[in-house]
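S.K.: Enclosed is the structure file entry_14.txt (compact mmCIF, C-alpha atoms).
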# COMPACT_ATOMS: atom_id res chain seq x y z
CA MET L 25 115.66 77.92 80.91
CA LEU L 26 115.27 80.22 83.92
CA ASN L 27 114.47 78.34 87.09
CA TYR L 28 111.43 79.38 89.09
CA LYS L 29 112.26 79.97 92.74
CA THR L 30 109.87 81.30 95.34
CA SER L 31 110.57 82.91 98.68
CA ILE L 32 108.93 80.18 100.76
CA LYS L 33 111.11 77.38 102.07
CA GLY L 34 109.16 74.21 102.77
CA ASP L 35 105.71 73.34 104.03
CA VAL L 36 104.51 73.44 107.61
CA THR L 37 102.56 70.54 109.06
CA HIS L 38 101.06 70.22 112.49
CA SER L 39 98.39 67.79 113.66
CA ASP L 40 95.52 70.21 113.06
CA LEU L 41 97.08 72.59 110.58
CA ALA L 42 99.02 72.44 107.32
CA ILE L 43 100.53 75.40 105.44
CA LYS L 44 101.63 74.92 101.86
CA GLU L 45 102.57 77.30 99.09
CA ILE L 46 100.65 76.72 95.85
CA LYS L 47 102.76 77.78 92.87
CA PRO L 48 102.89 79.10 90.23
CA ILE L 49 99.43 80.65 90.20
CA MET L 50 98.42 83.33 87.70
CA LYS L 51 97.15 86.41 89.51
CA LEU L 52 95.70 89.45 87.81
CA ILE L 53 94.20 92.64 89.15
CA ILE L 54 91.39 93.89 86.96
CA ARG L 55 89.79 97.30 87.38
CA GLY L 56 86.85 98.90 85.64
CA LYS L 57 83.72 100.88 86.46
CA THR L 58 81.39 100.65 83.49
CA LYS L 59 78.68 98.23 82.54
CA ASP L 60 80.55 97.54 79.30
CA PHE L 61 83.56 96.47 81.35
CA ILE L 62 81.48 93.96 83.35
CA THR L 63 79.88 92.65 80.13
CA ALA L 64 83.25 92.31 78.39
CA ILE L 65 84.74 90.45 81.37
CA GLY L 66 81.74 88.10 81.40
CA LYS L 67 82.17 87.37 77.70
CA ASN L 68 85.91 86.84 77.88
CA LEU L 69 86.05 84.80 81.05
CA ASN L 70 82.72 83.05 80.91
CA MET L 71 82.09 84.06 84.47
CA VAL L 72 80.39 86.81 86.45
CA LEU L 73 82.48 89.04 88.66
CA PRO L 74 81.29 89.22 92.29
CA THR L 75 79.58 92.52 93.03
CA GLU L 76 78.83 91.86 96.70
CA ALA L 77 81.60 93.11 98.97
CA ASN L 78 84.08 90.52 100.26
CA THR L 79 82.83 87.64 98.16
CA SER L 80 84.17 85.57 95.28
CA THR L 81 82.92 83.73 92.23
CA SER L 82 84.48 80.71 90.57
CA ALA L 83 84.41 79.18 87.12
CA GLU L 84 86.11 76.06 85.81
CA ASN L 85 89.58 77.58 85.56
CA LEU L 86 89.39 80.90 87.37
CA THR L 87 88.31 82.47 90.64
CA ALA L 88 87.56 86.19 91.07
CA PHE L 89 87.79 88.01 94.41
CA TRP L 90 85.98 91.27 95.12
CA LEU L 91 88.56 93.77 96.37
CA SER L 92 86.72 97.06 95.98
CA PRO L 93 83.69 98.34 93.99
CA ASP L 94 85.81 98.58 90.82
CA GLU L 95 88.62 96.13 91.55
CA TRP L 96 88.92 92.36 91.46
CA MET L 97 91.69 89.83 91.76
CA LEU L 98 91.57 87.00 89.28
CA ILE L 99 93.51 83.80 89.98
CA SER L 100 93.95 80.53 88.13
CA ASN L 101 92.39 77.58 89.95
CA ASP L 102 95.24 75.32 88.89
CA THR L 103 98.96 75.87 88.82
CA VAL L 104 100.42 77.19 85.60
CA ASN L 105 103.56 76.21 83.73
CA GLU L 106 106.87 77.29 85.29
CA ASP L 107 108.61 77.38 81.92
CA ASN L 108 106.85 80.48 80.69
CA ASN L 109 104.83 83.35 82.09
CA THR L 110 102.56 83.99 79.14
CA TYR L 111 98.95 83.61 80.20
CA GLN L 112 96.24 83.32 77.58
CA VAL L 113 93.67 84.90 79.92
CA GLU L 114 95.89 87.94 80.46
CA ASP L 115 96.56 88.33 76.74
CA GLU L 116 92.84 88.20 75.96
CA LEU L 117 91.94 90.66 78.71
CA ILE L 118 94.65 93.08 77.63
CA LYS L 119 93.37 92.87 74.06
CA ASN L 120 89.68 93.19 74.93
CA ILE L 121 89.75 95.33 78.09
CA SER L 122 92.96 97.38 78.31
CA LYS L 123 93.52 98.13 74.63
CA VAL L 124 89.93 99.27 74.13
CA LYS L 125 90.11 101.36 77.33
CA LEU L 126 87.32 99.57 79.17
CA GLY L 127 89.50 98.99 82.22
CA ALA L 128 92.92 98.02 83.49
CA VAL L 129 94.60 94.62 83.68
CA THR L 130 97.73 94.22 85.83
CA ASP L 131 99.74 91.03 86.21
CA VAL L 132 100.52 90.53 89.92
CA SER L 133 101.45 86.83 89.77
CA ASP L 134 104.69 87.31 91.70
CA GLN L 135 103.46 90.31 93.67
CA PHE L 136 101.58 87.89 95.92
CA VAL L 137 102.52 84.50 97.34
CA MET L 138 99.56 82.15 97.75
CA LEU L 139 99.59 79.97 100.86
CA ASN L 140 97.05 77.22 101.32
CA ILE L 141 96.19 76.74 104.99
CA LYS L 142 94.16 73.72 105.93
CA GLY L 143 92.96 72.22 109.20
CA SER L 144 90.58 72.64 112.07
CA LYS L 145 92.77 75.30 113.72
CA VAL L 146 93.00 77.70 110.74
CA PHE L 147 90.95 80.39 112.42
CA ASP L 148 92.62 79.84 115.79
CA LEU L 149 95.88 80.68 114.04
CA PHE L 150 94.41 83.88 112.58
CA ALA L 151 92.99 84.84 115.98
CA THR L 152 96.52 85.02 117.36
CA GLY L 153 97.54 87.80 114.99
CA SER L 154 94.60 89.48 113.29
CA PRO L 155 92.13 92.05 114.60
CA PHE L 156 89.42 90.74 112.25
CA ASN L 157 86.52 88.75 113.71
CA PHE L 158 86.36 85.57 111.62
CA ASN L 159 83.13 84.23 113.23
CA ASP L 160 80.91 84.97 110.20
CA PHE L 161 83.70 84.47 107.68
CA ARG L 162 84.40 80.89 108.77
CA ASN L 163 80.81 79.83 108.04
CA LYS L 164 80.58 81.41 104.61
CA LYS L 165 82.39 79.52 101.88
CA GLY L 166 83.74 81.80 99.16
CA SER L 167 84.07 84.86 101.33
CA VAL L 168 87.13 87.09 100.97
CA ILE L 169 88.67 89.49 103.44
CA GLN L 170 91.50 92.00 103.24
CA THR L 171 92.97 92.41 106.69
CA ILE L 172 96.27 92.28 108.54
CA LEU L 173 97.97 89.28 110.09
CA ALA L 174 101.01 89.84 112.29
CA HIS L 175 100.92 93.48 111.09
CA ILE L 176 101.15 92.36 107.44
CA ASP L 177 98.53 93.06 104.76
CA VAL L 178 96.88 89.87 103.59
CA ILE L 179 93.97 88.78 101.45
CA ILE L 180 92.23 85.64 102.70
CA HIS L 181 89.86 83.55 100.60
CA HIS L 182 87.65 80.97 102.31
CA LYS L 183 88.00 78.11 99.86
CA GLU L 184 86.38 75.25 101.74
CA ILE L 185 85.34 74.66 105.33
CA ASN L 186 88.58 74.77 107.34
CA GLU L 187 90.61 75.59 104.24
CA VAL L 188 91.71 79.05 103.11
CA ASN L 189 94.04 80.54 100.56
CA LEU L 190 96.06 83.44 101.93
CA PHE L 191 97.75 86.01 99.67
CA VAL L 192 100.67 88.01 101.03
CA ARG L 193 103.14 90.30 99.33
CA ARG L 194 106.29 88.46 98.31
CA SER L 195 108.59 90.68 100.37
CA PHE L 196 106.68 89.87 103.53
CA SER L 197 105.91 86.24 102.72
CA GLN L 198 108.95 84.62 104.30
CA HIS L 199 108.46 86.51 107.55
CA LEU L 200 104.74 85.76 107.68
CA HIS L 201 105.39 82.10 106.87
CA SER L 202 107.88 81.87 109.74
CA TRP L 203 105.49 83.68 112.06
CA MET L 204 102.61 81.34 111.14
CA SER L 205 104.83 78.30 111.54
CA ASP L 206 105.88 79.47 115.00
CA SER L 207 102.38 80.47 115.98
CA ALA L 208 100.88 77.20 114.74
CA SER L 209 103.34 75.22 116.85
CA ARG L 210 101.93 76.88 119.98
CA LEU L 211 98.23 76.28 119.29
CA MET X 5 119.53 92.85 91.77
CA CYS X 6 117.08 93.78 94.45
CA VAL X 7 113.52 93.15 95.54
CA LYS X 8 111.99 96.16 97.17
CA SER X 9 109.72 96.05 100.21
CA TYR X 10 107.19 98.76 100.65
CA ASP X 11 103.89 98.78 102.41
CA LYS X 12 100.75 98.31 100.39
CA CYS X 13 99.52 101.42 98.71
CA GLY X 14 97.08 102.20 96.00
CA LYS X 15 95.45 105.43 95.07
CA ASP X 16 92.67 106.68 92.88
CA ILE X 17 92.83 110.03 91.14
CA PRO X 18 89.16 110.64 90.30
CA ALA X 19 89.72 113.87 88.37
CA VAL X 20 91.57 112.04 85.62
CA ASN X 21 89.81 108.69 86.05
CA CYS X 22 93.10 107.07 86.90
CA GLY X 23 94.04 104.48 89.50
CA LEU X 24 97.46 103.50 90.74
CA LYS X 25 98.29 100.00 91.96
CA THR X 26 101.60 99.04 93.47
CA GLY X 27 103.49 96.28 91.71
CA ASP X 28 106.84 96.48 93.50
CA ASP X 29 107.04 92.88 94.57
CA HIS X 30 106.07 91.47 91.19
CA SER X 31 109.41 92.22 89.57
CA SER X 32 113.08 91.75 90.21
CA CYS X 33 115.42 94.17 88.53
CA VAL X 34 118.92 93.53 87.23
CA GLY X 35 120.88 96.59 86.16
CA THR X 36 123.76 96.29 83.71
CA SER X 37 126.21 99.11 83.06
CA GLY X 38 129.23 99.61 80.88
CA ASP X 39 130.22 101.03 77.55
CA HIS X 40 127.54 101.21 74.88
CA HIS X 41 128.86 98.41 72.66
CA THR X 42 129.64 95.93 75.43
CA VAL X 43 126.36 96.34 77.28
CA SER X 44 124.23 96.27 74.14
CA THR X 45 126.07 93.15 72.91
CA PHE X 46 125.59 91.53 76.32
CA ILE X 47 121.85 92.27 76.36
CA SER X 48 121.48 91.06 72.77
CA GLY X 49 123.10 87.82 73.85
CA ILE X 50 120.70 87.00 76.65
CA ALA X 51 117.39 88.34 75.27
CA ASP X 52 115.32 85.96 73.11
CA SER X 53 114.51 88.70 70.61
CA TYR X 54 116.84 91.58 70.24
CA SER X 55 115.94 93.49 67.13
CA TYR X 56 115.68 96.52 69.30
CA PHE X 57 119.18 96.09 70.63
CA LYS X 58 120.57 95.58 67.15
CA LYS X 59 119.16 99.02 66.47
CA SER X 60 120.76 100.15 69.70
CA LEU X 61 124.13 98.96 68.42
CA ASN X 62 123.62 101.19 65.41
CA ASN X 63 123.07 104.16 67.68
CA ILE X 64 119.36 104.40 67.05
CA PRO X 65 117.77 105.96 70.15
CA GLN X 66 115.92 103.49 72.30
CA LYS X 67 113.96 103.56 75.53
CA GLU X 68 112.25 100.31 76.36
CA GLU X 69 111.37 96.91 74.95
CA LYS X 70 109.11 94.13 76.11
CA THR X 71 110.89 90.93 75.22
CA LYS X 72 111.62 87.48 76.62
CA ILE X 73 114.61 85.82 78.22
CA ASP X 74 114.53 82.03 78.01
CA ASN X 75 110.84 82.29 77.12
CA ILE X 76 110.05 84.38 80.23
CA LYS X 77 108.44 87.74 79.55
CA CYS X 78 110.46 90.69 80.76
CA ARG X 79 110.90 94.39 80.19
CA ILE X 80 114.26 95.88 79.31
CA MET X 81 114.70 99.58 79.79
CA ARG X 82 117.46 101.93 78.72
CA ILE X 83 117.88 103.63 82.10
CA SER X 84 121.13 104.88 83.57
CA PHE X 85 121.60 105.53 87.26
CA THR X 86 125.34 105.02 87.15
CA GLY X 87 126.51 107.51 84.55
CA GLU X 88 127.33 104.72 82.13
CA HIS X 89 125.35 103.17 79.30
CA SER X 90 122.89 100.97 81.20
CA TYR X 91 119.95 98.65 80.78
CA GLU X 92 117.63 97.50 83.52
CA ILE X 93 115.97 94.13 83.09
CA ASN X 94 112.69 93.72 84.98
CA ILE X 95 111.48 90.15 85.23
CA GLN X 96 108.93 88.31 87.39
CA ALA X 97 110.45 88.07 90.87
CA ASN X 98 110.53 84.28 91.05
CA TYR X 99 112.83 84.16 88.01
CA GLY X 100 115.06 86.94 89.36
CA GLU X 101 117.67 84.83 91.09
CA ASP X 102 118.25 82.66 88.05
CA LEU X 103 118.38 85.70 85.77
CA TRP X 104 121.16 87.03 87.98
CA ARG X 105 123.12 83.78 87.56
CA LYS X 106 122.51 83.84 83.81
CA CYS X 107 123.79 87.42 83.59
CA MET X 108 126.94 86.57 85.55
CA ASP X 109 127.60 83.53 83.33
CA ALA X 110 126.91 85.42 80.10
CA GLY X 111 129.02 88.35 81.23
CA GLU X 112 132.13 86.30 81.95
CA GLU X 113 133.56 87.01 78.50
CA PHE X 114 133.17 90.75 79.19
CA ASN X 115 134.83 90.51 82.65
CA ILE X 116 131.51 91.30 84.32
CA THR X 117 131.63 92.34 87.96
CA PRO X 118 128.69 92.73 90.36
CA TYR X 119 128.00 96.12 91.86
CA GLY X 120 125.82 96.87 94.83
CA THR X 121 123.59 99.75 95.78
CA GLU X 122 126.34 101.67 97.63
CA THR X 123 128.45 101.70 94.47
CA MET X 124 125.42 102.72 92.45
CA HIS X 125 124.70 105.56 94.89
CA LEU X 126 128.27 106.82 94.63
CA LEU X 127 128.23 106.64 90.82
CA ARG X 128 124.94 108.48 90.59
CA ALA X 129 126.12 111.20 92.96
CA GLU X 130 129.25 111.74 90.86
CA LYS X 131 126.95 112.29 87.90
CA GLY X 132 124.57 114.52 89.86
CA PHE X 133 121.64 112.11 89.57
CA ILE X 134 119.23 112.69 92.43
CA ILE X 135 117.46 110.22 94.70
CA VAL X 136 113.91 111.45 95.14
CA GLY X 137 113.24 111.59 98.88
CA GLN X 138 116.93 111.88 99.77
CA ASP X 139 118.07 114.83 97.68
CA THR X 140 114.54 116.21 97.49
CA ASP X 141 111.58 116.66 99.75
CA ALA X 142 107.93 117.29 98.96
CA THR X 143 108.50 121.02 98.60
CA MET X 144 111.00 120.80 95.75
CA THR X 145 110.16 121.35 92.10
CA PRO X 146 112.04 120.34 88.94
CA ILE X 147 113.10 124.00 88.68
CA ASP X 148 114.72 123.82 92.14
CA LEU X 149 116.59 120.72 91.00
CA GLN X 150 117.82 122.43 87.84
CA MET X 151 115.81 119.82 85.97
CA ASP X 152 113.32 122.12 84.29
CA TRP X 153 114.31 120.47 80.99
CA ILE X 154 112.22 117.49 82.12
CA VAL X 155 108.98 119.50 82.10
CA SER X 156 107.27 119.63 78.71
CA LYS X 157 106.94 123.11 77.28
CA LYS X 158 104.56 121.84 74.61
CA LYS X 159 101.80 120.33 76.77
CA TYR X 160 98.79 122.58 77.22
CA ASP X 161 98.18 121.24 80.71
CA PHE X 162 99.43 118.57 83.10
CA ILE X 163 99.00 117.60 86.75
CA GLY X 164 100.98 120.06 88.87
CA LYS X 165 101.32 122.77 86.21
CA ARG X 166 99.56 125.37 88.33
CA SER X 167 101.75 124.66 91.36
CA LEU X 168 104.90 124.67 89.29
CA TYR X 169 104.34 128.16 87.94
CA ARG X 170 103.06 129.86 91.10
CA SER X 171 105.09 132.94 91.97
CA ASP X 172 106.26 131.29 95.20
CA THR X 173 107.63 128.20 93.42
CA MET X 174 109.40 130.43 90.86
CA LYS X 175 111.19 132.51 93.51
CA GLU X 176 114.95 132.82 93.06
CA ASP X 177 115.75 132.30 96.76
CA ARG X 178 114.16 128.89 97.12
CA LYS X 179 116.32 125.98 98.21
CA GLN X 180 118.01 124.64 95.09
CA LEU X 181 120.19 121.61 94.37
CA VAL X 182 123.92 122.30 94.21
CA GLY X 183 127.18 120.41 94.50
CA LEU X 184 129.62 120.95 97.38
CA VAL X 185 133.35 120.27 97.57
CA THR X 186 135.37 120.57 100.76
CA ASP X 187 138.59 122.57 101.02
CA ASN X 188 140.16 119.45 102.51
CA PRO X 189 139.49 116.83 99.78
CA SER X 190 139.64 113.91 102.20
CA GLU X 191 137.02 115.35 104.56
CA VAL X 192 133.65 113.72 103.89
CA LEU X 193 130.65 115.76 105.01
CA GLU X 194 127.88 114.33 107.13
CA GLU X 195 124.55 113.92 105.37
CA GLY X 196 122.00 116.19 106.99
CA ALA X 197 124.63 118.73 108.12
CA GLN X 198 123.46 122.35 108.03
CA ILE X 199 125.03 124.92 105.72
CA VAL X 200 125.67 128.51 106.78
CA ALA X 201 127.29 131.59 105.23
CA ASN X 202 128.14 133.54 108.34
CA THR X 203 128.77 132.14 111.79
CA SER X 204 129.32 135.47 113.56
CA LEU X 205 125.76 136.76 113.24
CA LYS X 206 123.44 135.34 115.89
CA PRO X 207 121.15 133.54 115.43
CA VAL X 208 123.06 131.80 112.68
CA GLU X 209 121.01 131.62 109.50
CA MET X 210 120.76 128.12 108.00
CA LEU X 211 120.91 128.24 104.21
CA GLY X 212 120.30 124.57 103.57
CA HIS X 213 121.63 121.10 104.27
CA VAL X 214 123.76 118.31 102.81
CA THR X 215 121.56 115.66 101.15
CA SER X 216 124.16 113.15 99.86
CA SER X 217 127.84 112.84 100.66
CA TYR X 218 130.55 110.43 99.49
CA TYR X 219 134.27 110.07 98.93
CA SER X 220 134.71 109.70 95.19
CA PRO X 221 137.54 107.36 94.15
CA ASN X 222 137.13 108.53 90.54
CA LEU X 223 137.77 112.14 91.52
CA ASN X 224 140.00 111.43 94.50
CA LYS X 225 138.08 113.84 96.69
CA SER X 226 135.02 114.27 98.83
CA ILE X 227 131.82 115.31 97.01
CA ALA X 228 128.35 116.18 98.24
CA LEU X 229 124.96 117.21 96.97
CA ALA X 230 123.07 119.81 98.96
CA VAL X 231 120.06 122.08 98.85
CA VAL X 232 120.96 125.73 99.43
CA ARG X 233 118.74 128.79 99.46
CA GLY X 234 119.35 130.60 96.16
CA GLY X 235 122.11 128.06 95.43
CA LYS X 236 121.79 128.23 91.64
CA ASN X 237 123.33 131.70 91.63
CA MET X 238 126.02 130.95 94.22
CA LEU X 239 128.48 128.88 92.16
CA GLY X 240 132.00 129.31 93.52
CA GLN X 241 130.82 130.84 96.81
CA LYS X 242 132.48 129.69 100.04
CA LEU X 243 130.20 128.48 102.85
CA PHE X 244 130.58 126.68 106.18
CA ILE X 245 129.34 123.44 107.63
CA PRO X 246 129.31 123.93 111.43
CA MET X 247 130.16 120.67 113.18
CA GLU X 248 130.56 119.92 116.88
CA ASN X 249 134.19 121.02 117.24
CA LYS X 250 134.95 122.83 113.99
CA ASN X 251 133.62 124.50 110.87
CA ILE X 252 134.22 122.74 107.57
CA ASN X 253 134.85 125.05 104.62
CA VAL X 254 133.02 124.14 101.43
CA THR X 255 132.59 125.64 97.97
CA ILE X 256 129.40 125.53 95.93
CA VAL X 257 129.93 123.84 92.58
CA ASP X 258 127.84 122.35 89.78
CA PRO X 259 126.00 119.19 90.99
CA VAL X 260 127.48 117.19 88.09
CA PHE X 261 130.94 116.26 89.32
CA PHE X 262 132.00 113.74 86.72
CA ASP X 263 131.68 113.35 82.96
CA LYS X 264 129.83 116.61 82.36
CA GLU X 265 130.21 116.15 78.62
CA ASN X 266 128.57 112.68 78.77
CA VAL X 267 131.59 111.08 77.08
CA ARG X 268 131.55 108.09 79.41
CA LEU X 269 127.74 107.89 79.31
CA ASN X 270 127.76 107.59 75.54
CA ALA X 271 131.01 105.62 75.18
Could you take the file, read its structure, and then write that structure out as structure tokens?
M.R.:
Amino acid sequence: MLNYKTSIKGDVTHSDLAIKEIKPIMKLIIRGKTKDFITAIGKNLNMVLPTEANTSTSAENLTAFWLSPDEWMLISNDTVNEDNNTYQVEDELIKNISKVKLGAVTDVSDQFVMLNIKGSKVFDLFATGSPFNFNDFRNKKGSVIQTILAHIDVIIHHKEINEVNLFVRRSFSQHLHSWMSDSASRL
Amino acid sequence: MCVKSYDKCGKDIPAVNCGLKTGDDHSSCVGTSGDHHTVSTFISGIADSYSYFKKSLNNIPQKEEKTKIDNIKCRIMRISFTGEHSYEINIQANYGEDLWRKCMDAGEEFNITPYGTETMHLLRAEKGFIIVGQDTDATMTPIDLQMDWIVSKKKYDFIGKRSLYRSDTMKEDRKQLVGLVTDNPSEVLEEGAQIVANTSLKPVEMLGHVTSSYYSPNLNKSIALAVVRGGKNMLGQKLFIPMENKNINVTIVDPVFFDKENVRLNA
């Protein structure tokens, strides 16, 4: 068996902030423009893709983030098995979307590291390293933003009040994690 | 084994209804090189299904197979960047480190040895394999690289066809990829050094520059790749590399320095 090993070493806990990697999470990028694509996704996933910019929709097992007018990120709500990387959702989408040329499905599970950041100072932490104004974002559960944090591209999903999931590219994840840990200690 | 770090990029090409999405960080890549039989046997030993590699052992041409290693999906490609028979295994990045250990354990019986990117760069230069961005720039075409064999003659149309066959990109005196050897075999050229034919005429005309330069232990001499104006038709010609205190004499040679007959590649 091949052992699963991520780039993040340990969780970060402060009195008003906790940073934890959630792993393994299935992550897919799906792209398509046509009405048939949207219908097929709805049928296969039993959920509606968000069409409003910077929002998300959730079903029992999956959450979809709007990334652009024809692009969404799909993630599993729960962790998946470390012993294999075969995802039923991906297989079905490849069969019913990619193979019939309705759109594109790309597995990006290890492209992004998902960090769960929880606590009353989440947005104070972001304010120290992001140019984005989180004032509206913090009041709107389910909103999604693609911005930069400490000069690194990130996708941030507002999961609950004072709780976000942050997606960062694996190569930059260790650096960003260290930066957030350091920054959080100074809040 | 390496994990690449590039900035985020994605691009749409509306004319062909095509989108590109970067996936660099998703995969780790392990490259294995050696003689045909050893490497194919090694890969067959670690892959869960290896029908494809059994075929490979029987010399049936092969390019790529999606398979599994220890129940983890991966992609194994028949790609050589070393001048030897090679396979690259691409697997999800979080399994990469353990795949490396597995390869080293499984390769013990074949006297496996790790090689790094500097070794790989030297091996590829000996074989005349280019690094796009180092040995080329955005102005170069496959014709300049003496790689026109890579362009399909059968396709009615493809992206870049018009540019490729413009009179300017077909000109004989464009900068073209060549090999360089120094008169003094132990003198290694500096990458980026300018190449000239005549130092007495002022201003000195620059013909091109050195793109890759190494000392080759296989050949026991210094080798370099360079782009030289009209270089394809200058084989055997003597040129100069002007350095701070001296001129280095070089000769233009074929960019494939080692195993031109592909004996080692197909061993």
S.K.: Mind running chain L against chain X at 9 Å and telling me each contacting residue's nearest atom pair with the distance in Å (one decimal), counting all atoms listed in the file, chain and number ascending, as a tab-separated table?
M.R.:
residue	atom	partner	partner_atom	distance
L:Met25	CA	X:Asp74	CA	5.2
L:Leu26	CA	X:Asp102	CA	5.6
L:Asn27	CA	X:Asp102	CA	5.8
L:Tyr28	CA	X:Tyr99	CA	5.1
L:Lys29	CA	X:Asn98	CA	4.9
L:Thr30	CA	X:Asn98	CA	5.3
L:Ser31	CA	X:Asn98	CA	7.8
L:Ile53	CA	X:Lys25	CA	8.9
L:Arg55	CA	X:Gly23	CA	8.6
L:Asp107	CA	X:Asn75	CA	7.2
L:Asn108	CA	X:Ile76	CA	5.1
L:Asn109	CA	X:Ile76	CA	5.6
L:Thr110	CA	X:Lys77	CA	7.0
L:Ala128	CA	X:Gly23	CA	8.9
L:Thr130	CA	X:Lys25	CA	8.4
L:Asp131	CA	X:His30	CA	8.1
L:Val132	CA	X:His30	CA	5.8
L:Ser133	CA	X:His30	CA	6.7
L:Asp134	CA	X:His30	CA	4.4
L:Gln135	CA	X:His30	CA	3.8
L:Phe136	CA	X:His30	CA	7.4
L:Ile176	CA	X:Asp11	CA	8.6
L:Asp177	CA	X:Lys12	CA	7.2
L:Arg193	CA	X:Asp29	CA	6.7
L:Arg194	CA	X:Asp29	CA	5.8
L:Ser195	CA	X:Ser9	CA	5.5
L:Phe196	CA	X:Ser9	CA	7.6
S.K.: Mind giving me the straight-line distance from CA of Tyr91 (chain X) to CA of Gly35 (chain X) in Å, one decimal?
M.R.: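 Taking CA of Tyr91 (chain X) as the start and CA of Gly35 (chain X) as the end point, the length is 5.8 Å.
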S.K.: Which residues, written as a compact mmCIF listing (two decimals) with C-alpha atoms, keeping the file's coordinate frame, have at least one atom at most 9 Å from Thr186 (chain X), with only C-alpha atoms counted and residues fewer than 5 positions away on the same chain left out?
M.R.:
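Result went into around_29.txt, see below:
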# COMPACT_ATOMS: atom_id res chain seq x y z
CA GLU X 191 137.02 115.35 104.56
CA VAL X 192 133.65 113.72 103.89
CA LEU X 193 130.65 115.76 105.01
CA LYS X 225 138.08 113.84 96.69
CA SER X 226 135.02 114.27 98.83
CA ILE X 227 131.82 115.31 97.01
CA ALA X 228 128.35 116.18 98.24
CA ILE X 252 134.22 122.74 107.57
CA ASN X 253 134.85 125.05 104.62
CA VAL X 254 133.02 124.14 101.43
CA THR X 255 132.59 125.64 97.97
S.K.: What does the structure give for the distance between CA of Leu117 (chain L) and CA of Ile46 (chain L), in Å to one decimal?
M.R.: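 Going from CA of Leu117 (chain L) over to CA of Ile46 (chain L) covers 23.7 Å.
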S.K.: Excluding region 147-163 of chain X and its own-chain neighbours fewer than 5 positions away, which residues fall within 12 Å of it when counting only C-alpha atoms? Please give them as a PyMOL selection string.
M.R.: chain X and resi 17+19-20+132-136+139-142+168-170+172-183+229-237+258-260
S.K.: Which distance in Å separates CA of Gln198 (chain X) and CA of Leu239 (chain X), to one decimal?
M.R.: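 Between these atoms lies a distance of 17.9 Å.
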S.K.: My list of candidates is L:Asp160, L:Glu114, L:Glu76, L:Glu84. Which is closest to Asn101 (chain L) when distances are computed with only C-alpha atoms?
M.R.: L:Glu84
S.K.: Extending 3 Å beyond the listed atoms of region 226-242 of chain X on each side, what axis-aligned box results? I want centre and edge lengths in Å to one decimal, as JSON.
M.R.:
{"center_x": 126.9, "center_y": 123.0, "center_z": 95.8, "size_x": 22.3, "size_y": 23.4, "size_z": 14.4}
S.K.: Write out as an NGL selection string the residues lying within 12 Å of region 69-75 of chain L, counting all atoms listed in the file and excluding same-chain residues fewer than 3 positions away.
M.R.: :L and (54-57 or 59 or 61-66 or 78-100 or 112-117 or 120-121 or 166-168)
